[in-house]
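Source file: my_file17.tsv. Holds: TSV, C-alpha atoms.
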```tsv
chain	number	residue	atom	x	y	z
V	741	MET	CA	5.51	13.90	17.28
V	742	SER	CA	1.89	13.45	16.16
V	743	ASN	CA	0.23	10.10	15.69
V	744	PRO	CA	0.58	8.51	12.22
V	745	SER	CA	-1.87	9.78	9.60
V	746	LEU	CA	-4.23	6.78	9.71
V	747	ASN	CA	-4.30	6.39	13.48
V	748	GLY	CA	-7.77	5.17	14.46
V	749	ILE	CA	-8.51	3.48	11.11
V	750	LYS	CA	-9.17	-0.25	11.39
V	751	VAL	CA	-8.74	-2.63	8.45
V	752	VAL	CA	-9.78	-6.27	8.22
V	753	ASP	CA	-7.51	-7.89	5.65
V	754	LEU	CA	-8.73	-11.12	4.06
V	755	SER	CA	-6.22	-10.89	1.19
V	756	ARG	CA	-3.28	-13.12	0.41
V	757	VAL	CA	-0.15	-13.19	-1.77
V	758	LEU	CA	0.94	-9.67	-2.87
V	759	GLY	CA	-1.37	-6.89	-4.14
V	760	GLY	CA	-3.78	-6.92	-1.19
V	761	PRO	CA	-1.14	-7.53	1.50
V	762	LEU	CA	1.05	-4.72	0.12
V	763	CYS	CA	-1.97	-2.40	0.25
V	764	THR	CA	-2.65	-3.20	3.90
V	765	GLN	CA	1.04	-3.01	4.82
V	766	ILE	CA	1.17	0.55	3.47
V	767	LEU	CA	-1.95	1.43	5.47
V	768	GLY	CA	-0.37	-0.21	8.53
V	769	ASP	CA	2.88	1.68	8.04
V	770	HIS	CA	0.87	4.88	8.38
V	771	GLY	CA	-0.96	3.96	11.55
V	772	ALA	CA	-4.00	1.89	10.59
V	773	GLU	CA	-4.73	-1.18	12.71
V	774	ILE	CA	-4.51	-4.19	10.38
V	775	LEU	CA	-6.12	-7.51	11.28
V	776	LYS	CA	-4.75	-10.07	8.82
V	777	VAL	CA	-7.13	-13.01	8.49
V	778	GLU	CA	-5.48	-16.14	7.05
V	779	PRO	CA	-7.20	-19.26	5.69
V	780	PRO	CA	-6.57	-22.78	7.05
V	781	ALA	CA	-3.60	-23.36	4.72
V	782	GLY	CA	-2.11	-19.95	5.50
V	783	ASP	CA	-1.06	-17.22	3.10
V	784	GLU	CA	0.54	-19.00	0.12
V	785	THR	CA	3.62	-16.81	0.31
V	786	ARG	CA	4.63	-18.34	3.65
V	787	GLY	CA	5.89	-21.20	1.48
V	788	TRP	CA	7.43	-19.13	-1.31
V	789	GLY	CA	11.14	-19.65	-0.92
V	790	PRO	CA	13.90	-20.12	-0.20
V	791	PRO	CA	15.01	-18.16	1.71
V	792	TYR	CA	13.02	-19.18	4.77
V	793	HIS	CA	13.21	-18.61	8.51
V	794	GLU	CA	11.49	-20.44	11.36
V	795	ARG	CA	8.23	-18.45	10.95
V	796	GLY	CA	7.98	-18.44	7.15
V	797	SER	CA	9.58	-16.88	4.11
V	798	ALA	CA	11.33	-13.67	3.13
V	799	TYR	CA	8.63	-13.16	0.50
V	800	TYR	CA	5.87	-13.19	3.12
V	801	ASP	CA	7.83	-10.85	5.38
V	802	GLY	CA	8.21	-8.30	2.58
V	803	VAL	CA	4.52	-7.29	2.59
V	804	ASN	CA	3.12	-8.24	6.01
V	805	ARG	CA	4.69	-6.09	8.72
V	806	ASN	CA	2.63	-3.86	11.02
V	807	LYS	CA	-0.26	-6.36	11.19
V	808	LYS	CA	-1.88	-8.61	13.76
V	809	GLY	CA	-2.68	-12.12	12.58
V	810	ILE	CA	-5.74	-14.31	13.12
V	811	ALA	CA	-6.46	-17.62	11.36
V	812	LEU	CA	-10.11	-18.34	10.47
V	813	ASP	CA	-11.76	-20.99	8.34
V	814	MET	CA	-14.03	-18.66	6.38
V	815	ARG	CA	-15.87	-21.60	4.84
V	816	GLN	CA	-17.64	-22.13	8.15
V	817	PRO	CA	-20.72	-20.02	8.99
V	818	GLU	CA	-19.44	-19.51	12.54
V	819	ALA	CA	-16.39	-17.76	11.09
V	820	HIS	CA	-18.70	-15.33	9.30
V	821	GLN	CA	-20.13	-14.32	12.67
V	822	ILE	CA	-16.60	-13.63	13.92
V	823	LEU	CA	-15.93	-11.57	10.78
V	824	PHE	CA	-19.10	-9.56	11.42
V	825	ARG	CA	-17.94	-8.89	14.98
V	826	LEU	CA	-14.61	-7.60	13.70
V	827	LEU	CA	-16.35	-5.45	11.08
V	828	GLU	CA	-18.51	-3.74	13.69
V	829	THR	CA	-15.56	-1.49	14.52
V	830	ALA	CA	-13.76	-1.64	11.17
V	831	ASP	CA	-13.49	1.03	8.49
V	832	VAL	CA	-12.16	-1.08	5.62
V	833	LEU	CA	-12.38	-4.68	4.40
V	834	VAL	CA	-9.76	-5.81	1.86
V	835	GLU	CA	-10.11	-9.14	0.03
V	836	ASN	CA	-8.87	-10.81	-3.14
V	837	PHE	CA	-11.05	-13.90	-3.34
V	838	LYS	CA	-12.22	-15.11	-6.72
V	839	VAL	CA	-15.11	-12.95	-7.89
V	840	GLY	CA	-18.33	-14.25	-6.36
V	841	THR	CA	-16.77	-16.02	-3.37
V	842	LEU	CA	-18.22	-13.73	-0.69
V	843	GLU	CA	-21.57	-13.93	-2.44
V	844	LYS	CA	-21.36	-17.76	-2.51
V	845	TRP	CA	-20.77	-17.72	1.24
V	846	GLY	CA	-23.80	-15.47	1.72
V	847	ILE	CA	-21.80	-12.45	2.87
V	848	GLY	CA	-21.55	-10.39	-0.32
V	849	PHE	CA	-21.02	-6.65	0.03
V	850	THR	CA	-24.16	-5.41	-1.72
V	851	ASP	CA	-26.59	-7.94	-0.25
V	852	VAL	CA	-25.19	-8.27	3.26
V	853	LEU	CA	-22.17	-6.24	4.35
V	854	GLN	CA	-23.32	-2.87	3.02
V	855	LYS	CA	-26.65	-3.24	4.82
V	856	LYS	CA	-25.09	-4.38	8.11
V	857	PHE	CA	-22.20	-1.89	8.00
V	858	PRO	CA	-23.19	1.17	5.92
V	859	ARG	CA	-19.91	3.01	6.66
V	860	LEU	CA	-17.74	0.05	5.60
V	861	ILE	CA	-15.38	0.49	2.65
V	862	HIS	CA	-14.95	-2.78	0.76
V	863	CYS	CA	-11.87	-3.12	-1.45
V	864	ARG	CA	-11.74	-6.09	-3.80
V	865	VAL	CA	-8.48	-6.86	-5.64
V	866	THR	CA	-9.13	-9.05	-8.69
V	867	GLY	CA	-7.27	-10.42	-11.67
V	868	PHE	CA	-9.43	-9.16	-14.53
V	869	GLY	CA	-12.35	-7.43	-12.81
V	870	SER	CA	-15.95	-8.51	-12.42
V	871	ASN	CA	-17.17	-7.91	-15.97
V	872	GLY	CA	-16.00	-8.55	-19.52
V	873	PRO	CA	-14.99	-11.81	-21.24
V	874	TYR	CA	-12.18	-12.47	-18.74
V	875	ALA	CA	-14.30	-11.68	-15.66
V	876	GLY	CA	-13.50	-13.96	-12.76
V	877	PHE	CA	-10.37	-15.44	-14.34
V	878	PRO	CA	-7.51	-15.98	-11.87
V	879	GLY	CA	-5.04	-13.12	-11.67
V	880	TYR	CA	-1.28	-13.43	-11.69
V	881	ASP	CA	1.23	-10.66	-12.24
V	882	ALA	CA	2.99	-12.25	-15.21
V	883	VAL	CA	-0.32	-13.17	-16.88
V	884	ALA	CA	-1.45	-9.55	-16.55
V	885	GLN	CA	1.89	-8.38	-17.98
V	886	ALA	CA	1.37	-10.69	-20.95
V	887	THR	CA	-2.29	-10.02	-21.71
V	888	SER	CA	-2.13	-6.25	-21.23
V	889	GLY	CA	0.65	-5.65	-23.77
V	890	LEU	CA	3.10	-4.68	-21.04
V	891	MET	CA	5.35	-7.69	-21.62
V	892	SER	CA	5.36	-7.17	-25.40
V	893	ILE	CA	7.37	-3.95	-25.11
V	894	ASN	CA	9.85	-5.28	-22.55
V	895	GLY	CA	13.12	-6.88	-23.68
V	896	ASP	CA	15.56	-6.56	-26.54
V	897	ALA	CA	14.31	-6.07	-30.08
V	898	ASP	CA	15.89	-9.27	-31.41
V	899	ARG	CA	14.75	-11.52	-28.56
V	900	PRO	CA	11.38	-12.73	-27.18
V	901	PRO	CA	9.37	-10.58	-24.76
V	902	VAL	CA	10.58	-10.64	-21.16
V	903	ARG	CA	8.67	-10.47	-17.89
V	904	ILE	CA	9.58	-7.34	-15.95
V	905	GLY	CA	11.90	-8.53	-13.19
V	906	VAL	CA	9.73	-7.41	-10.26
V	907	PRO	CA	5.98	-8.11	-9.90
V	908	ILE	CA	5.28	-4.59	-11.10
V	909	VAL	CA	1.56	-5.17	-11.74
V	910	ASP	CA	0.90	-6.69	-8.32
V	911	LEU	CA	2.87	-3.94	-6.61
V	912	THR	CA	1.18	-1.13	-8.50
V	913	THR	CA	-2.25	-2.70	-7.99
V	914	GLY	CA	-1.58	-2.66	-4.24
V	915	MET	CA	-0.68	1.02	-4.45
V	916	ASN	CA	-3.81	1.75	-6.50
V	917	ALA	CA	-5.83	0.00	-3.82
V	918	VAL	CA	-4.33	2.30	-1.19
V	919	ILE	CA	-5.21	5.36	-3.28
V	920	ALA	CA	-8.75	4.08	-3.77
V	921	ILE	CA	-9.25	3.41	-0.06
V	922	LEU	CA	-7.99	6.87	0.87
V	923	LEU	CA	-10.33	8.43	-1.70
V	924	ALA	CA	-13.26	6.49	-0.24
V	925	LEU	CA	-12.31	7.45	3.33
V	926	TYR	CA	-12.15	11.10	2.31
V	927	GLU	CA	-15.55	10.95	0.57
V	928	ARG	CA	-17.07	9.20	3.59
V	929	GLU	CA	-16.35	12.30	5.64
V	930	THR	CA	-19.01	14.07	3.55
V	931	SER	CA	-21.54	11.31	2.85
V	932	GLY	CA	-21.11	9.18	5.97
V	933	LEU	CA	-21.29	6.13	3.71
V	934	GLY	CA	-18.88	3.44	2.64
V	935	GLN	CA	-18.70	1.97	-0.85
V	936	SER	CA	-17.23	-0.93	-2.80
V	937	ILE	CA	-13.93	-0.56	-4.64
V	938	GLU	CA	-12.59	-2.84	-7.34
V	939	VAL	CA	-8.94	-2.73	-8.37
V	940	SER	CA	-7.79	-5.28	-10.95
V	941	LEU	CA	-4.38	-6.41	-12.08
V	942	TYR	CA	-5.43	-6.14	-15.71
V	943	ASP	CA	-6.69	-2.55	-15.44
V	944	THR	CA	-3.51	-1.58	-13.61
V	945	ALA	CA	-1.30	-3.24	-16.22
V	946	VAL	CA	-3.07	-1.45	-19.09
V	947	SER	CA	-2.61	1.87	-17.26
V	948	LEU	CA	1.15	1.23	-17.05
V	949	ILE	CA	1.85	1.04	-20.81
V	950	HIS	CA	2.87	4.69	-21.04
V	951	PRO	CA	4.10	6.22	-23.33
V	952	HIS	CA	3.52	3.28	-25.68
V	953	ALA	CA	-0.27	3.53	-25.41
V	954	ALA	CA	-0.18	7.30	-25.98
V	955	ASN	CA	2.11	6.80	-28.99
V	956	TRP	CA	-0.22	4.19	-30.50
V	957	PHE	CA	-3.31	6.33	-29.93
V	958	LEU	CA	-1.64	9.11	-31.94
V	959	ASP	CA	0.08	7.33	-34.81
V	960	GLY	CA	-1.30	3.77	-34.80
V	961	LYS	CA	2.14	2.25	-35.33
V	962	PRO	CA	3.14	-1.08	-33.71
V	963	GLN	CA	5.10	-0.55	-30.51
V	964	LYS	CA	8.49	-2.28	-30.50
V	965	ARG	CA	10.80	-3.70	-27.88
V	966	LEU	CA	13.77	-1.38	-27.39
V	967	GLY	CA	15.73	-3.03	-24.58
V	968	SER	CA	16.58	-0.28	-22.11
V	969	ALA	CA	16.06	2.50	-24.65
V	970	HIS	CA	13.12	4.92	-24.72
V	971	PRO	CA	10.64	5.20	-27.61
V	972	ASN	CA	10.56	9.02	-27.47
V	973	ILE	CA	13.85	10.24	-25.99
V	974	THR	CA	17.50	9.87	-27.14
V	975	PRO	CA	19.96	9.09	-25.62
V	976	TYR	CA	18.02	7.25	-22.94
V	977	ASP	CA	19.70	3.88	-22.63
V	978	LEU	CA	22.41	1.71	-21.07
V	979	PHE	CA	26.00	2.14	-22.20
V	980	PRO	CA	29.04	0.00	-21.33
V	981	THR	CA	31.89	1.60	-19.39
V	982	ALA	CA	35.21	0.33	-18.07
V	983	ASN	CA	33.59	-1.00	-14.86
V	984	GLY	CA	29.99	-1.81	-15.69
V	985	MET	CA	26.90	-0.42	-17.34
V	986	LEU	CA	25.91	3.24	-17.08
V	987	PHE	CA	22.40	4.49	-17.78
V	988	LEU	CA	22.08	7.88	-19.43
V	989	GLY	CA	18.64	9.47	-19.07
V	990	ILE	CA	18.97	12.59	-21.21
V	991	GLY	CA	15.63	14.38	-21.17
V	992	ASN	CA	16.35	17.63	-23.01
V	993	ASP	CA	18.81	19.41	-25.29
V	994	ARG	CA	20.51	21.28	-22.44
V	995	GLN	CA	21.31	18.02	-20.70
V	996	PHE	CA	22.67	16.56	-23.94
V	997	ALA	CA	24.95	19.56	-24.43
V	998	GLY	CA	26.16	19.17	-20.84
V	999	LEU	CA	26.89	15.48	-21.42
V	1000	CYS	CA	28.94	16.23	-24.51
V	1001	LYS	CA	30.91	18.87	-22.61
V	1002	GLU	CA	31.63	16.49	-19.72
V	1003	LEU	CA	32.82	13.89	-22.22
V	1004	GLY	CA	35.25	16.45	-23.67
V	1005	HIS	CA	33.47	16.86	-27.01
V	1006	PRO	CA	31.05	19.80	-26.84
V	1007	GLU	CA	30.99	19.97	-30.64
V	1008	ILE	CA	28.84	16.84	-30.81
V	1009	ALA	CA	25.89	18.82	-29.47
V	1010	GLN	CA	26.27	21.23	-32.40
V	1011	ASP	CA	26.20	18.48	-35.02
V	1012	PRO	CA	22.95	18.98	-37.03
V	1013	ARG	CA	22.20	15.29	-36.57
V	1014	PHE	CA	22.05	15.69	-32.79
V	1015	THR	CA	21.05	19.27	-31.96
V	1016	ILE	CA	17.49	18.46	-30.91
V	1017	ASN	CA	15.81	15.32	-29.62
V	1018	ALA	CA	13.87	14.73	-32.85
V	1019	ASN	CA	17.13	14.65	-34.81
V	1020	ARG	CA	18.86	12.47	-32.24
V	1021	ALA	CA	15.97	10.00	-32.48
V	1022	LYS	CA	16.35	9.82	-36.27
V	1023	ASN	CA	20.09	9.26	-35.94
V	1024	LYS	CA	20.04	7.09	-32.84
V	1025	ALA	CA	22.36	4.39	-34.23
V	1026	GLU	CA	25.08	6.86	-35.22
V	1027	LEU	CA	24.90	8.65	-31.86
V	1028	ARG	CA	25.15	5.38	-29.97
V	1029	VAL	CA	28.38	4.43	-31.74
V	1030	ILE	CA	29.89	7.81	-30.79
V	1031	LEU	CA	28.83	7.59	-27.15
V	1032	GLU	CA	29.94	3.98	-26.77
V	1033	ASP	CA	33.42	4.95	-27.98
V	1034	LEU	CA	33.64	7.90	-25.56
V	1035	LEU	CA	32.39	5.89	-22.57
V	1036	ALA	CA	34.27	2.63	-23.12
V	1037	ASN	CA	37.26	3.56	-20.95
V	1038	ARG	CA	35.44	5.73	-18.42
V	1039	ASP	CA	34.74	4.91	-14.78
V	1040	GLY	CA	30.97	4.56	-14.90
V	1041	LYS	CA	30.49	4.63	-11.14
V	1042	ALA	CA	32.50	7.83	-10.77
V	1043	MET	CA	30.66	9.38	-13.70
V	1044	THR	CA	27.33	8.91	-11.91
V	1045	ALA	CA	28.21	11.49	-9.28
V	1046	GLU	CA	30.04	13.73	-11.76
V	1047	LEU	CA	27.18	13.93	-14.22
V	1048	MET	CA	24.41	14.11	-11.65
V	1049	SER	CA	26.15	16.98	-9.87
V	1050	LYS	CA	25.89	18.92	-13.14
V	1051	GLY	CA	22.20	18.15	-13.54
V	1052	ILE	CA	22.74	15.41	-16.12
V	1053	PRO	CA	20.69	12.27	-15.29
V	1054	ALA	CA	22.92	9.18	-15.11
V	1055	GLY	CA	23.28	6.11	-12.95
V	1056	ALA	CA	25.66	3.19	-12.79
V	1057	VAL	CA	23.75	-0.10	-12.56
V	1058	GLN	CA	24.02	-1.45	-9.02
V	1059	THR	CA	23.20	-4.86	-7.63
V	1060	VAL	CA	20.36	-5.23	-5.13
V	1061	GLU	CA	22.99	-5.84	-2.44
V	1062	ASP	CA	24.87	-2.67	-3.35
V	1063	ALA	CA	21.71	-0.57	-3.51
V	1064	LEU	CA	20.48	-1.72	-0.09
V	1065	GLN	CA	23.83	-0.75	1.45
V	1066	HIS	CA	24.29	2.51	-0.47
V	1067	PRO	CA	24.74	5.70	1.60
V	1068	GLN	CA	21.74	7.28	-0.17
V	1069	THR	CA	19.53	4.33	0.87
V	1070	LYS	CA	20.68	4.69	4.46
V	1071	ALA	CA	20.26	8.47	4.44
V	1072	ARG	CA	16.67	8.07	3.25
V	1073	GLU	CA	15.98	5.42	5.93
V	1074	MET	CA	14.96	2.97	3.24
V	1075	VAL	CA	16.11	-0.05	5.23
V	1076	ILE	CA	14.37	-0.91	8.50
V	1077	GLU	CA	16.23	-3.03	11.03
V	1078	SER	CA	14.52	-4.02	14.27
V	1079	GLY	CA	15.64	-7.11	16.12
V	1080	GLU	CA	15.52	-10.03	13.71
V	1081	TYR	CA	13.42	-8.08	11.18
V	1082	ARG	CA	14.93	-6.33	8.19
V	1083	GLY	CA	12.91	-4.83	5.37
V	1084	THR	CA	12.68	-1.95	2.96
V	1085	GLY	CA	11.74	1.38	4.49
V	1086	ILE	CA	8.68	3.58	4.15
V	1087	PRO	CA	8.93	5.60	0.91
V	1088	ILE	CA	6.23	8.18	1.80
V	1089	LYS	CA	7.79	10.86	3.98
V	1090	LEU	CA	5.33	13.00	5.96
V	1091	SER	CA	6.82	15.83	8.03
V	1092	ARG	CA	4.31	15.90	10.90
V	1093	THR	CA	2.70	12.46	10.85
V	1094	PRO	CA	5.36	10.08	9.52
V	1095	GLY	CA	4.78	6.36	9.15
V	1096	LYS	CA	6.69	3.98	11.38
V	1097	PHE	CA	7.57	0.34	11.98
V	1098	LYS	CA	5.54	-1.14	14.83
V	1099	CYS	CA	5.85	-4.91	14.60
V	1100	ARG	CA	7.31	-7.70	12.49
V	1101	PRO	CA	5.03	-9.82	10.28
V	1102	PRO	CA	2.80	-12.05	12.42
V	1103	GLN	CA	3.17	-15.78	12.74
V	1104	TYR	CA	0.22	-17.83	11.61
V	1105	GLY	CA	-2.65	-17.22	14.04
V	1106	GLU	CA	-0.30	-15.40	16.40
V	1107	ASN	CA	-2.86	-12.90	17.65
V	1108	ASN	CA	-5.98	-15.12	17.67
V	1109	THR	CA	-6.67	-14.70	21.38
V	1110	GLU	CA	-5.82	-10.99	21.48
V	1111	ILE	CA	-8.04	-10.13	18.50
V	1112	LEU	CA	-10.97	-12.21	19.71
V	1113	THR	CA	-10.69	-10.82	23.24
V	1114	ASP	CA	-10.64	-7.27	21.91
V	1115	ALA	CA	-13.78	-8.15	19.92
V	1116	GLY	CA	-15.55	-9.06	23.16
V	1117	TYR	CA	-15.36	-12.86	23.14
V	1118	SER	CA	-14.94	-14.68	26.45
V	1119	PRO	CA	-12.12	-17.17	27.14
V	1120	GLU	CA	-14.70	-19.98	26.97
V	1121	GLU	CA	-15.91	-18.86	23.54
V	1122	ILE	CA	-12.35	-18.56	22.28
V	1123	GLU	CA	-11.57	-22.09	23.47
V	1124	ARG	CA	-14.71	-23.37	21.75
V	1125	PHE	CA	-13.66	-21.74	18.46
V	1126	LYS	CA	-10.33	-23.52	18.77
V	1127	GLU	CA	-11.95	-26.89	19.48
V	1128	MET	CA	-14.31	-26.48	16.51
V	1129	GLN	CA	-11.36	-25.62	14.27
V	1130	ILE	CA	-12.90	-22.26	13.38
V	1131	THR	CA	-9.74	-20.53	14.53
V	1132	LEU	CA	-6.45	-22.30	13.92
V	1133	GLU	CA	-2.96	-22.16	15.35
V	1134	LYS	CA	-1.12	-24.17	12.69
V	1135	PRO	CA	-1.69	-24.16	8.93
V	1136	ARG	CA	-3.44	-27.19	7.51
V	1137	LYS	CA	-1.33	-28.96	4.93
```
Step by step, read the file and then write its structure as structure tokens.
Amino acid sequence: MSNPSLNGIKVVDLSRVLGGPLCTQILGDHGAEILKVEPPAGDETRGWGPPYHERGSAYYDGVNRNKKGIALDMRQPEAHQILFRLLETADVLVENFKVGTLEKWGIGFTDVLQKKFPRLIHCRVTGFGSNGPYAGFPGYDAVAQATSGLMSINGDADRPPVRIGVPIVDLTTGMNAVIAILLALYERETSGLGQSIEVSLYDTAVSLIHPHAANWFLDGKPQKRLGSAHPNITPYDLFPTANGMLFLGIGNDRQFAGLCKELGHPEIAQDPRFTINANRAKNKAELRVILEDLLANRDGKAMTAELMSKGIPAGAVQTVEDALQHPQTKAREMVIESGEYRGTGIPIKLSRTPGKFKCRPPQYGENNTEILTDAGYSPEEIERFKEMQITLEKPRK
């Protein structure tokens, strides 16, 4: 088997919390060497729980595998010299400090890093970007959901807006950062030069409001909350069954006809009110009553396999616990178990250079000595850094 795709790429990760760490975990999953640099108080997510274990929290573990950890007090000029040493052999620097922080420390990308390391790719993850009226404001997933319009279209029509149940903006921002870094690495092969990348939660959130943004651009109508329904497709919604909720994701007229046949009433697909999607959308309420009646006494879980085998998109709603133990999840290797570590698997499947699990998330400062030794520091210098509290072995409270 070949080495992972990013074998030989080195990333210095100054980011904390979610978007940046997810980005670097993905890069690490695919072979990049990740040096996670934590501040004196540690990554905030080490304390985000319960649940906890002796090294930290489940939340921290979820986005920090396949990394080595070093703890540096970046407020000290001596730590900047250590950072420079690490960057001498690095390809990428990822950070999510407040806009202007590196510049305040005298190590900004344009003025300092780009000149010292012309091949370095700098990826900054921000809340609202570095320009505009919200420039420099702190970024949080739920705030981005709210301000971007994303939250306004999530939830039931007769209830207040609801935060999407996973940190979708943070997660997608991390993925966008990966895409951006790979683009910059590819371009560097031609130019020989690095560049600065900015990926913001706000920009990502705005990009996610599809098809609602596209609908508004065309007709200018206010976009409404529809619960689990779709603004353009019918039926595309949750329906109650005898043993739980079933989602029907009918995307075309052929699938709708197949659904009606499987429910024992093929004539419904011939009803002028329902023959095409545009008509079904106009008569959504009437169609829902009919489908609710036909599904009320059905086994929703059994229907998932029955309908899907006929090419009709449907899925019984599962709990997180059920999904993580489902045969499909296991078949796709979407749970990693190694010693005491358990986590979700690697979703990108490459045939020749697959990603792999190498190591559990690091403890705070776990690899201080190893990283500094690899960077060429002597044991005496490493001990001096420890005595000066430049490198740390326990988070400061």
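Comparing V:Leu754, V:Leu1003, V:Ile810, V:Val909 by their smallest distance to Leu941 in chain V, the closest is V:Val909 (using all atoms listed in the file).
Counting all atoms listed in the file, the residue from V:Thr1044, V:Lys844, V:Asn1017, V:Ala882 that sits nearest to Gly905 in chain V is V:Ala882.
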Of V:Arg1072, V:Arg965, V:Arg864, V:Arg1028, the one nearest to Ile1086 in chain V when counting all atoms listed in the file is V:Arg1072
Find the spatial neighbours of Arg1038 in chain V, counting all atoms listed in the file, within a cut-off of 12 Å - ignore same-chain residues fewer than 6 positions away - and output them as a list of chain:residue names. V:Phe979, V:Pro980, V:Thr981, V:Ala982, V:Asn983, V:Gly984, V:Met985, V:Leu986, V:Glu1002, V:Leu1003, V:Gly1004, V:Leu1031, V:Glu1032, V:Thr1044, V:Glu1046, V:Ala1056
Quick one: of V:Ala884, V:Glu1073, V:Asp1114, V:Val1057, who's nearest to Gly1095 in chain V, counting all atoms listed in the file?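 Selected residue with least distance to Gly1095 in chain V: V:Glu1073.
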Write out as number ranges by chain which residues come within 10 Å of Leu988 in chain V when counting only C-alpha atoms, dropping same-chain ones fewer than 4 positions away. V: 969, 974-979, 996, 999, 1044, 1047, 1052-1056
Between V:Gly789, V:Gly802, V:Leu1034, V:Gln1103, which is the closest to Ile1076 in chain V once you count only C-alpha atoms?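 Closest to Ile1076 in chain V of all the choices is V:Gly802.
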May I ask which of the residues V:Met814, V:Leu767, V:Ala772, V:Val777 is the closest one to Tyr1104 in chain V, counting all atoms listed in the file? V:Val777
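Within the 12 Å cut-off around Pro1006 in chain V, using only C-alpha atoms and omitting residues fewer than 3 positions from it on the same chain, the listed residues are Arg994, Gln995, Phe996, Ala997, Gly998, Leu999, Cys1000, Lys1001, Glu1002, Leu1003, Ala1009, Gln1010, Asp1011, Phe1014 and Thr1015 of chain V.
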State, in Å with one decimal place, the distance from CA of Leu853 in chain V to CA of Pro1135 in chain V.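 Pair CA of Leu853 in chain V / CA of Pro1135 in chain V returns 27.6 Å.
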Size and centre in Å, one decimal, axis-aligned box, all listed range 936-950 of chain V atoms plus 6 Å per side, as AutoDock Vina command-line options:
```
--center_x -7.2 --center_y -0.9 --center_z -11.9 --size_x 32.1 --size_y 23.1 --size_z 30.2
```
Name all residues at most 12 Å from Ser797 in chain V (count all atoms listed in the file; drop same-chain ones fewer than 2 positions away) and give them as a count of residues only. 24
Contacts of Pro761 in chain V at 9 Å or less, counting all atoms listed in the file, minus same-chain residues fewer than 5 places along, as an MDAnalysis selection string? chainID V and resid 753:756 766 776 803:804 834 914
Between CA of Asp896 in chain V and CA of Gly967 in chain V, what is the distance in Å, rounded to a tenth? 4.0 Å
Calculate how many Å separate CA of Phe868 in chain V from CA of Ser940 in chain V, rounding to one decimal.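 Taking CA of Phe868 in chain V and CA of Ser940 in chain V, their separation equals 5.5 Å.
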Rebuild N, CA and C atoms on range 854-867 of chain V, as an mmCIF file, in the frame of the given file?
```
data_model
loop_
_atom_site.group_PDB
_atom_site.id
_atom_site.type_symbol
_atom_site.label_atom_id
_atom_site.label_comp_id
_atom_site.auth_asym_id
_atom_site.auth_seq_id
_atom_site.Cartn_x
_atom_site.Cartn_y
_atom_site.Cartn_z
ATOM 1 N N GLN V 854 -22.951 -4.282 3.130
ATOM 2 C CA GLN V 854 -23.320 -2.870 3.020
ATOM 3 C C GLN V 854 -24.524 -2.530 3.895
ATOM 4 N N LYS V 855 -25.463 -3.470 4.003
ATOM 5 C CA LYS V 855 -26.650 -3.240 4.820
ATOM 6 C C LYS V 855 -26.328 -3.308 6.312
ATOM 7 N N LYS V 856 -25.450 -4.244 6.700
ATOM 8 C CA LYS V 856 -25.090 -4.380 8.110
ATOM 9 C C LYS V 856 -24.138 -3.280 8.558
ATOM 10 N N PHE V 857 -23.246 -2.854 7.650
ATOM 11 C CA PHE V 857 -22.200 -1.890 8.000
ATOM 12 C C PHE V 857 -22.160 -0.786 6.942
ATOM 13 N N PRO V 858 -23.079 0.171 6.999
ATOM 14 C CA PRO V 858 -23.190 1.170 5.920
ATOM 15 C C PRO V 858 -21.965 2.062 5.763
ATOM 16 N N ARG V 859 -21.116 2.175 6.770
ATOM 17 C CA ARG V 859 -19.910 3.010 6.660
ATOM 18 C C ARG V 859 -18.696 2.206 6.172
ATOM 19 N N LEU V 860 -18.867 0.910 5.966
ATOM 20 C CA LEU V 860 -17.740 0.050 5.600
ATOM 21 C C LEU V 860 -17.292 0.299 4.164
ATOM 22 N N ILE V 861 -15.981 0.399 3.980
ATOM 23 C CA ILE V 861 -15.380 0.490 2.650
ATOM 24 C C ILE V 861 -14.836 -0.888 2.294
ATOM 25 N N HIS V 862 -15.324 -1.433 1.200
ATOM 26 C CA HIS V 862 -14.950 -2.780 0.760
ATOM 27 C C HIS V 862 -14.038 -2.644 -0.452
ATOM 28 N N CYS V 863 -12.836 -3.173 -0.353
ATOM 29 C CA CYS V 863 -11.870 -3.120 -1.450
ATOM 30 C C CYS V 863 -11.587 -4.526 -1.944
ATOM 31 N N ARG V 864 -11.963 -4.779 -3.182
ATOM 32 C CA ARG V 864 -11.740 -6.090 -3.800
ATOM 33 C C ARG V 864 -10.613 -5.970 -4.822
ATOM 34 N N VAL V 865 -9.575 -6.781 -4.669
ATOM 35 C CA VAL V 865 -8.480 -6.860 -5.640
ATOM 36 C C VAL V 865 -8.716 -8.106 -6.483
ATOM 37 N N THR V 866 -8.832 -7.930 -7.801
ATOM 38 C CA THR V 866 -9.130 -9.050 -8.690
ATOM 39 C C THR V 866 -8.084 -9.156 -9.792
ATOM 40 N N GLY V 867 -8.176 -10.244 -10.546
ATOM 41 C CA GLY V 867 -7.270 -10.420 -11.670
ATOM 42 C C GLY V 867 -7.694 -9.616 -12.882
#
```
